[in-house]
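Asker: So here's final29.pdb, just PDB, N, CA and C atoms:
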ATOM      1  N   MET A  48       0.834  -1.176   0.000  1.00  0.00           N
ATOM      2  CA  MET A  48       0.000   0.000   0.000  1.00  0.00           C
ATOM      3  C   MET A  48       0.885   1.247   0.000  1.00  0.00           C
ATOM      4  N   PRO A  49       0.432   2.306  -0.608  1.00  0.00           N
ATOM      5  CA  PRO A  49       1.218   3.546  -0.609  1.00  0.00           C
ATOM      6  C   PRO A  49       1.169   4.239   0.753  1.00  0.00           C
ATOM      7  N   GLY A  50       1.922   5.291   0.864  1.00  0.00           N
ATOM      8  CA  GLY A  50       2.000   6.024   2.132  1.00  0.00           C
ATOM      9  C   GLY A  50       0.708   6.687   2.550  1.00  0.00           C
ATOM     10  N   SER A  51      -0.224   6.833   1.622  1.00  0.00           N
ATOM     11  CA  SER A  51      -1.503   7.454   1.975  1.00  0.00           C
ATOM     12  C   SER A  51      -2.321   6.590   2.926  1.00  0.00           C
ATOM     13  N   VAL A  52      -1.910   5.343   3.138  1.00  0.00           N
ATOM     14  CA  VAL A  52      -2.614   4.471   4.069  1.00  0.00           C
ATOM     15  C   VAL A  52      -2.506   5.010   5.501  1.00  0.00           C
ATOM     16  N   PHE A  53      -1.498   5.823   5.752  1.00  0.00           N
ATOM     17  CA  PHE A  53      -1.317   6.383   7.086  1.00  0.00           C
ATOM     18  C   PHE A  53      -2.280   7.535   7.384  1.00  0.00           C
ATOM     19  N   LEU A  54      -3.006   8.009   6.383  1.00  0.00           N
ATOM     20  CA  LEU A  54      -3.953   9.102   6.614  1.00  0.00           C
ATOM     21  C   LEU A  54      -5.077   8.710   7.567  1.00  0.00           C
ATOM     22  N   CYS A  55      -5.492   7.451   7.547  1.00  0.00           N
ATOM     23  CA  CYS A  55      -6.537   7.019   8.483  1.00  0.00           C
ATOM     24  C   CYS A  55      -6.022   7.086   9.924  1.00  0.00           C
ATOM     25  N   CYS A  56      -4.741   6.830  10.115  1.00  0.00           N
ATOM     26  CA  CYS A  56      -4.142   6.919  11.446  1.00  0.00           C
ATOM     27  C   CYS A  56      -4.088   8.361  11.920  1.00  0.00           C
ATOM     28  N   VAL A  57      -3.664   9.232  11.028  1.00  0.00           N
ATOM     29  CA  VAL A  57      -3.542  10.652  11.371  1.00  0.00           C
ATOM     30  C   VAL A  57      -4.914  11.250  11.658  1.00  0.00           C
ATOM     31  N   ALA A  58      -5.911  10.858  10.882  1.00  0.00           N
ATOM     32  CA  ALA A  58      -7.261  11.376  11.105  1.00  0.00           C
ATOM     33  C   ALA A  58      -7.800  10.941  12.462  1.00  0.00           C
ATOM     34  N   THR A  59      -7.555   9.693  12.831  1.00  0.00           N
ATOM     35  CA  THR A  59      -8.024   9.198  14.132  1.00  0.00           C
ATOM     36  C   THR A  59      -7.310   9.907  15.267  1.00  0.00           C
ATOM     37  N   GLN A  60      -6.009  10.120  15.126  1.00  0.00           N
ATOM     38  CA  GLN A  60      -5.254  10.826  16.157  1.00  0.00           C
ATOM     39  C   GLN A  60      -5.701  12.285  16.258  1.00  0.00           C
ATOM     40  N   GLY A  61      -6.043  12.885  15.113  1.00  0.00           N
ATOM     41  CA  GLY A  61      -6.540  14.265  15.117  1.00  0.00           C
ATOM     42  C   GLY A  61      -7.862  14.388  15.857  1.00  0.00           C
ATOM     43  N   LEU A  62      -8.741  13.416  15.666  1.00  0.00           N
ATOM     44  CA  LEU A  62     -10.007  13.426  16.403  1.00  0.00           C
ATOM     45  C   LEU A  62      -9.772  13.258  17.901  1.00  0.00           C
ATOM     46  N   ALA A  63      -8.770  12.474  18.258  1.00  0.00           N
ATOM     47  CA  ALA A  63      -8.446  12.297  19.676  1.00  0.00           C
ATOM     48  C   ALA A  63      -7.996  13.615  20.294  1.00  0.00           C
ATOM     49  N   VAL A  64      -7.170  14.354  19.567  1.00  0.00           N
ATOM     50  CA  VAL A  64      -6.699  15.654  20.079  1.00  0.00           C
ATOM     51  C   VAL A  64      -7.855  16.642  20.167  1.00  0.00           C
ATOM     52  N   LEU A  65      -8.706  16.642  19.127  1.00  0.00           N
ATOM     53  CA  LEU A  65      -9.853  17.553  19.147  1.00  0.00           C
ATOM     54  C   LEU A  65     -10.830  17.228  20.274  1.00  0.00           C
ATOM     55  N   GLY A  66     -10.913  15.990  20.665  1.00  0.00           N
ATOM     56  CA  GLY A  66     -11.778  15.624  21.781  1.00  0.00           C
ATOM     57  C   GLY A  66     -11.142  15.881  23.133  1.00  0.00           C
ATOM     58  N   ALA A  67      -9.825  15.691  23.221  1.00  0.00           N
ATOM     59  CA  ALA A  67      -9.145  15.851  24.504  1.00  0.00           C
ATOM     60  C   ALA A  67      -9.013  17.304  24.920  1.00  0.00           C
ATOM     61  N   THR A  68      -8.917  18.202  23.970  1.00  0.00           N
ATOM     62  CA  THR A  68      -8.727  19.616  24.294  1.00  0.00           C
ATOM     63  C   THR A  68      -9.922  20.196  25.053  1.00  0.00           C
ATOM     64  N   PRO A  69     -11.161  20.080  24.556  1.00  0.00           N
ATOM     65  CA  PRO A  69     -12.275  20.605  25.350  1.00  0.00           C
ATOM     66  C   PRO A  69     -12.565  19.763  26.591  1.00  0.00           C
ATOM     67  N   ALA A  70     -12.216  18.477  26.549  1.00  0.00           N
ATOM     68  CA  ALA A  70     -12.432  17.636  27.731  1.00  0.00           C
ATOM     69  C   ALA A  70     -11.571  18.107  28.887  1.00  0.00           C
ATOM     70  N   ALA A  71     -10.351  18.523  28.608  1.00  0.00           N
ATOM     71  CA  ALA A  71      -9.476  19.021  29.667  1.00  0.00           C
ATOM     72  C   ALA A  71      -9.921  20.391  30.159  1.00  0.00           C
ATOM     73  N   ALA A  72     -10.436  21.204  29.254  1.00  0.00           N
ATOM     74  CA  ALA A  72     -10.841  22.556  29.637  1.00  0.00           C
ATOM     75  C   ALA A  72     -12.125  22.555  30.461  1.00  0.00           C
ATOM     76  N   GLU A  73     -13.021  21.639  30.156  1.00  0.00           N
ATOM     77  CA  GLU A  73     -14.328  21.628  30.819  1.00  0.00           C
ATOM     78  C   GLU A  73     -14.521  20.477  31.790  1.00  0.00           C
ATOM     79  N   SER A  74     -13.489  19.657  31.983  1.00  0.00           N
ATOM     80  CA  SER A  74     -13.547  18.495  32.877  1.00  0.00           C
ATOM     81  C   SER A  74     -14.714  17.577  32.542  1.00  0.00           C
ATOM     82  N   THR A  75     -14.815  17.215  31.274  1.00  0.00           N
ATOM     83  CA  THR A  75     -15.860  16.328  30.800  1.00  0.00           C
ATOM     84  C   THR A  75     -15.280  14.921  30.688  1.00  0.00           C
ATOM     85  N   ALA A  76     -15.722  14.028  31.566  1.00  0.00           N
ATOM     86  CA  ALA A  76     -15.134  12.693  31.636  1.00  0.00           C
ATOM     87  C   ALA A  76     -15.460  11.844  30.408  1.00  0.00           C
ATOM     88  N   TRP A  77     -16.688  11.888  29.942  1.00  0.00           N
ATOM     89  CA  TRP A  77     -17.062  11.025  28.812  1.00  0.00           C
ATOM     90  C   TRP A  77     -16.304  11.406  27.543  1.00  0.00           C
ATOM     91  N   LEU A  78     -16.042  12.696  27.374  1.00  0.00           N
ATOM     92  CA  LEU A  78     -15.299  13.143  26.198  1.00  0.00           C
ATOM     93  C   LEU A  78     -13.822  12.759  26.314  1.00  0.00           C
ATOM     94  N   ALA A  79     -13.298  12.801  27.508  1.00  0.00           N
ATOM     95  CA  ALA A  79     -11.913  12.387  27.721  1.00  0.00           C
ATOM     96  C   ALA A  79     -11.744  10.891  27.471  1.00  0.00           C
ATOM     97  N   HIS A  80     -12.704  10.102  27.895  1.00  0.00           N
ATOM     98  CA  HIS A  80     -12.638   8.656  27.663  1.00  0.00           C
ATOM     99  C   HIS A  80     -12.756   8.334  26.171  1.00  0.00           C
ATOM    100  N   THR A  81     -13.624   9.053  25.481  1.00  0.00           N
ATOM    101  CA  THR A  81     -13.770   8.857  24.044  1.00  0.00           C
ATOM    102  C   THR A  81     -12.488   9.233  23.312  1.00  0.00           C
ATOM    103  N   ALA A  82     -11.861  10.325  23.714  1.00  0.00           N
ATOM    104  CA  ALA A  82     -10.598  10.742  23.103  1.00  0.00           C
ATOM    105  C   ALA A  82      -9.510   9.706  23.367  1.00  0.00           C
ATOM    106  N   LEU A  83      -9.506   9.118  24.538  1.00  0.00           N
ATOM    107  CA  LEU A  83      -8.514   8.097  24.862  1.00  0.00           C
ATOM    108  C   LEU A  83      -8.709   6.844  24.008  1.00  0.00           C
ATOM    109  N   VAL A  84      -9.954   6.460  23.802  1.00  0.00           N
ATOM    110  CA  VAL A  84     -10.244   5.311  22.936  1.00  0.00           C
ATOM    111  C   VAL A  84      -9.794   5.601  21.510  1.00  0.00           C
ATOM    112  N   LEU A  85     -10.060   6.803  21.019  1.00  0.00           N
ATOM    113  CA  LEU A  85      -9.634   7.170  19.669  1.00  0.00           C
ATOM    114  C   LEU A  85      -8.108   7.195  19.554  1.00  0.00           C
ATOM    115  N   PHE A  86      -7.451   7.633  20.616  1.00  0.00           N
ATOM    116  CA  PHE A  86      -5.988   7.659  20.605  1.00  0.00           C
ATOM    117  C   PHE A  86      -5.420   6.256  20.450  1.00  0.00           C
ATOM    118  N   PHE A  87      -5.924   5.309  21.238  1.00  0.00           N
ATOM    119  CA  PHE A  87      -5.419   3.943  21.156  1.00  0.00           C
ATOM    120  C   PHE A  87      -5.845   3.256  19.861  1.00  0.00           C
ATOM    121  N   ALA A  88      -6.999   3.620  19.329  1.00  0.00           N
ATOM    122  CA  ALA A  88      -7.406   3.092  18.023  1.00  0.00           C
ATOM    123  C   ALA A  88      -6.453   3.590  16.940  1.00  0.00           C
ATOM    124  N   GLY A  89      -6.039   4.847  17.038  1.00  0.00           N
ATOM    125  CA  GLY A  89      -5.069   5.380  16.091  1.00  0.00           C
ATOM    126  C   GLY A  89      -3.729   4.673  16.180  1.00  0.00           C
ATOM    127  N   LEU A  90      -3.291   4.360  17.396  1.00  0.00           N
ATOM    128  CA  LEU A  90      -2.042   3.614  17.551  1.00  0.00           C
ATOM    129  C   LEU A  90      -2.147   2.223  16.936  1.00  0.00           C
ATOM    130  N   ALA A  91      -3.279   1.581  17.127  1.00  0.00           N
ATOM    131  CA  ALA A  91      -3.480   0.259  16.529  1.00  0.00           C
ATOM    132  C   ALA A  91      -3.494   0.348  15.002  1.00  0.00           C
ATOM    133  N   LEU A  92      -4.083   1.402  14.477  1.00  0.00           N
ATOM    134  CA  LEU A  92      -4.106   1.584  13.030  1.00  0.00           C
ATOM    135  C   LEU A  92      -2.707   1.834  12.472  1.00  0.00           C
ATOM    136  N   TYR A  93      -1.851   2.502  13.242  1.00  0.00           N
ATOM    137  CA  TYR A  93      -0.462   2.688  12.807  1.00  0.00           C
ATOM    138  C   TYR A  93       0.229   1.333  12.633  1.00  0.00           C
ATOM    139  N   GLY A  94       0.029   0.446  13.575  1.00  0.00           N
ATOM    140  CA  GLY A  94       0.622  -0.888  13.466  1.00  0.00           C
ATOM    141  C   GLY A  94       0.077  -1.660  12.278  1.00  0.00           C
ATOM    142  N   PHE A  95      -1.220  -1.557  12.057  1.00  0.00           N
ATOM    143  CA  PHE A  95      -1.848  -2.222  10.919  1.00  0.00           C
ATOM    144  C   PHE A  95      -1.322  -1.662   9.601  1.00  0.00           C
ATOM    145  N   ALA A  96      -1.227  -0.355   9.506  1.00  0.00           N
ATOM    146  CA  ALA A  96      -0.770   0.283   8.272  1.00  0.00           C
ATOM    147  C   ALA A  96       0.715   0.024   8.036  1.00  0.00           C
ATOM    148  N   LEU A  97       1.496   0.020   9.084  1.00  0.00           N
ATOM    149  CA  LEU A  97       2.930  -0.212   8.932  1.00  0.00           C
ATOM    150  C   LEU A  97       3.203  -1.619   8.414  1.00  0.00           C
ATOM    151  N   GLY A  98       2.405  -2.572   8.849  1.00  0.00           N
ATOM    152  CA  GLY A  98       2.566  -3.933   8.380  1.00  0.00           C
ATOM    153  C   GLY A  98       2.243  -4.100   6.907  1.00  0.00           C
ATOM    154  N   ARG A  99       1.411  -3.231   6.365  1.00  0.00           N
ATOM    155  CA  ARG A  99       1.019  -3.323   4.972  1.00  0.00           C
ATOM    156  C   ARG A  99       1.663  -2.264   4.081  1.00  0.00           C
ATOM    157  N   PHE A 100       2.514  -1.453   4.656  1.00  0.00           N
ATOM    158  CA  PHE A 100       3.169  -0.378   3.909  1.00  0.00           C
ATOM    159  C   PHE A 100       4.233  -0.970   2.984  1.00  0.00           C
ATOM    160  N   GLU A 101       4.265  -0.500   1.770  1.00  0.00           N
ATOM    161  CA  GLU A 101       5.240  -0.952   0.781  1.00  0.00           C
ATOM    162  C   GLU A 101       6.286   0.150   0.600  1.00  0.00           C
ATOM    163  N   PRO A 102       7.501  -0.016   1.159  1.00  0.00           N
ATOM    164  CA  PRO A 102       8.516   1.048   1.078  1.00  0.00           C
ATOM    165  C   PRO A 102       8.935   1.385  -0.350  1.00  0.00           C
ATOM    166  N   ARG A 103       8.825   0.462  -1.247  1.00  0.00           N
ATOM    167  CA  ARG A 103       9.231   0.720  -2.633  1.00  0.00           C
ATOM    168  C   ARG A 103       8.248   1.630  -3.362  1.00  0.00           C
ATOM    169  N   GLN A 104       7.099   1.915  -2.764  1.00  0.00           N
ATOM    170  CA  GLN A 104       6.110   2.784  -3.401  1.00  0.00           C
ATOM    171  C   GLN A 104       6.488   4.258  -3.292  1.00  0.00           C
ATOM    172  N   CYS A 105       7.408   4.587  -2.406  1.00  0.00           N
ATOM    173  CA  CYS A 105       7.773   5.992  -2.188  1.00  0.00           C
ATOM    174  C   CYS A 105       8.502   6.597  -3.337  1.00  0.00           C
TER     175      CYS A 105
END
As structure tokens, how would this structure be written, given the file I've shared?
Answerer:
Amino acid sequence: MPGSVFLCCVATQGLAVLGATPAAAESTAWLAHTALVLFFAGLALYGFALGRFEPRQC
């Protein structure tokens, strides 16, 4: 797969940051937990994408 496969990882991590920022400012527990789940989902997607990444495509 080309390097664009990592965009799904970046998008998930971006949603985690967007959720964690207001959660920290307003002390919203459910939003913080959701951001944490998205963060770990993004990490898992990095591992999945790295396993299928084709370095010769660059």
Asker: Taking the file above as input, evaluate the PyMOL selection byres ((chain A and resi 51-65) around 7) and report the hits as a VMD selection string.
Answerer: chain A and resid 48 to 50 66 to 70 81 to 83 85 to 86 88 to 90 92 to 93 96
Asker: Distance atom C of A:His80-atom CA of A:Leu97, one decimal place?
Answerer: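 So the two atoms, atom C of A:His80 and atom CA of A:Leu97, lie 24.8 Å apart.
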Asker: Please determine an axis-aligned box that encloses all atoms of stretch 62-74 of chain A listed in the file, with 5 Å added on each side, and express its centre and edge lengths in Å to one decimal as JSON.
Answerer:
{"center_x": -10.7, "center_y": 17.4, "center_z": 24.3, "size_x": 18.0, "size_y": 20.3, "size_z": 27.2}
Asker: Kindly give the distance, in Å, that separates atom N of A:Ala71 and atom C of A:Val84, rounded to a single decimal.
Answerer: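 Computing the Euclidean distance for atom N of A:Ala71 and atom C of A:Val84 yields 14.8 Å.
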Asker: For a test of reading the model, state the distance in Å between atom CA of A:Ser74 and atom CA of A:Phe87, rounded to one decimal.
Answerer: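 Computing it gives 20.4 Å between the two atoms.
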